[in-house]
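The structure under discussion appears below in the form of C-alpha coordinates.
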Amino acid sequence: MKVGDLVQYIGEDADQPPLLGLGIVMGFDHDEDPIVLFQGDDYIPTLESRDTPGSPFYDYDVEVISGSR
(Lines give C-alpha, C1' and ligand atoms only; values in the text may rest on other atoms or scores of the structure.)
Protein backbone atom coordinates (compact mmCIF):
# COMPACT_ATOMS: atom_id res chain seq x y z
CA MET A 1 0.00 0.00 0.00
CA LYS A 2 1.32 3.43 -1.00
CA VAL A 3 0.26 7.07 -0.91
CA GLY A 4 -2.21 7.67 -3.73
CA ASP A 5 -3.68 4.14 -3.78
CA LEU A 6 -7.44 3.87 -4.19
CA VAL A 7 -8.81 1.75 -1.35
CA GLN A 8 -12.10 0.34 -0.12
CA TYR A 9 -13.05 -0.16 3.53
CA ILE A 10 -13.54 -3.86 4.33
CA GLY A 11 -13.54 -3.78 8.16
CA GLU A 12 -15.98 -5.64 10.40
CA ASP A 13 -18.56 -2.86 10.24
CA ALA A 14 -18.29 -2.32 6.47
CA ASP A 15 -22.01 -3.02 6.03
CA GLN A 16 -23.10 -0.71 8.84
CA PRO A 17 -23.79 3.01 8.31
CA PRO A 18 -21.97 5.21 7.61
CA LEU A 19 -20.73 3.46 4.51
CA LEU A 20 -17.20 4.64 3.85
CA GLY A 21 -16.98 3.39 0.28
CA LEU A 22 -13.86 4.38 -1.62
CA GLY A 23 -10.95 6.47 -0.42
CA ILE A 24 -7.39 7.53 -1.21
CA VAL A 25 -4.33 6.83 0.96
CA MET A 26 -2.99 10.24 2.00
CA GLY A 27 -0.13 9.11 4.22
CA PHE A 28 0.74 6.87 7.15
CA ASP A 29 0.61 7.32 10.93
CA HIS A 30 3.37 6.55 13.43
CA ASP A 31 2.34 2.83 13.40
CA GLU A 32 2.54 2.76 9.59
CA ASP A 33 -1.25 2.37 9.31
CA PRO A 34 -2.72 4.17 6.30
CA ILE A 35 -4.38 7.56 6.66
CA VAL A 36 -7.32 7.41 4.26
CA LEU A 37 -9.50 10.22 2.97
CA PHE A 38 -12.83 8.63 2.10
CA GLN A 39 -15.34 10.12 -0.32
CA GLY A 40 -17.58 12.46 1.67
CA ASP A 41 -15.23 12.44 4.69
CA ASP A 42 -15.63 15.55 6.86
CA TYR A 43 -11.95 16.38 7.37
CA ILE A 44 -11.12 18.41 10.45
CA PRO A 45 -7.38 18.97 10.99
CA THR A 46 -5.99 18.16 14.44
CA LEU A 47 -2.56 18.47 16.01
CA GLU A 48 -2.21 14.68 15.84
CA SER A 49 -3.09 14.51 12.11
CA ARG A 50 -0.44 17.13 11.28
CA ASP A 51 -2.80 18.60 8.69
CA THR A 52 -2.88 15.38 6.65
CA PRO A 53 -6.43 14.98 5.37
CA GLY A 54 -8.20 11.76 6.34
CA SER A 55 -8.28 9.38 9.27
CA PRO A 56 -5.99 6.47 10.22
CA PHE A 57 -7.29 2.94 9.67
CA TYR A 58 -5.73 -0.44 10.36
CA ASP A 59 -4.14 -1.78 7.18
CA TYR A 60 -6.23 -4.96 7.43
CA ASP A 61 -9.45 -2.87 7.36
CA VAL A 62 -8.77 -1.43 3.89
CA GLU A 63 -8.19 -3.16 0.57
CA VAL A 64 -6.28 -1.65 -2.35
CA ILE A 65 -8.56 -1.36 -5.39
CA SER A 66 -6.13 0.44 -7.71
CA GLY A 67 -2.47 1.05 -6.90
CA SER A 68 -0.57 4.22 -7.69
CA ARG A 69 2.54 4.03 -9.85
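Just so we're on the same page: first chain in the C-alpha coordinates is A, next is B, and so on; residues restart at 1 for each chain, and ligands are numbered from 1 in the order they show up.
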
Range 5-40 of chain A near range 53-58 of chain A within 8 Å: what's each residue's closest atom pair and its distance in Å to one decimal, counting only C-alpha atoms, ordered by chain then ascending residue number, as a tab-separated table?
```
residue	atom	partner	partner_atom	distance
A:Met26	CA	A:Pro53	CA	6.8
A:Phe28	CA	A:Pro56	CA	7.4
A:Asp29	CA	A:Pro56	CA	6.7
A:Asp33	CA	A:Tyr58	CA	5.4
A:Pro34	CA	A:Pro56	CA	5.6
A:Ile35	CA	A:Pro56	CA	4.1
A:Val36	CA	A:Gly54	CA	4.9
A:Leu37	CA	A:Gly54	CA	3.9
A:Phe38	CA	A:Gly54	CA	7.0
```

Next on the checklist: Quick check, in Å to one decimal: how far apart do CA of Gly67 in chain A and CA of Glu12 in chain A lie?
Outcome noted: 22.9 Å

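Rounded to one decimal, CA of Asp61 in chain A and CA of Gly27 in chain A lie 15.5 Å from each other.
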
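Our summary of the geometry notes that CA of Gly11 in chain A is positioned 15.8 Å from CA of Val25 in chain A.
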
Checklist entry - Excluding same-chain residues fewer than 4 positions from Val64 in chain A, what lies within 10 Å of it counting only C-alpha atoms, as a ChimeraX atom specification? => result /A:1-2,5-9,22-25,59,68
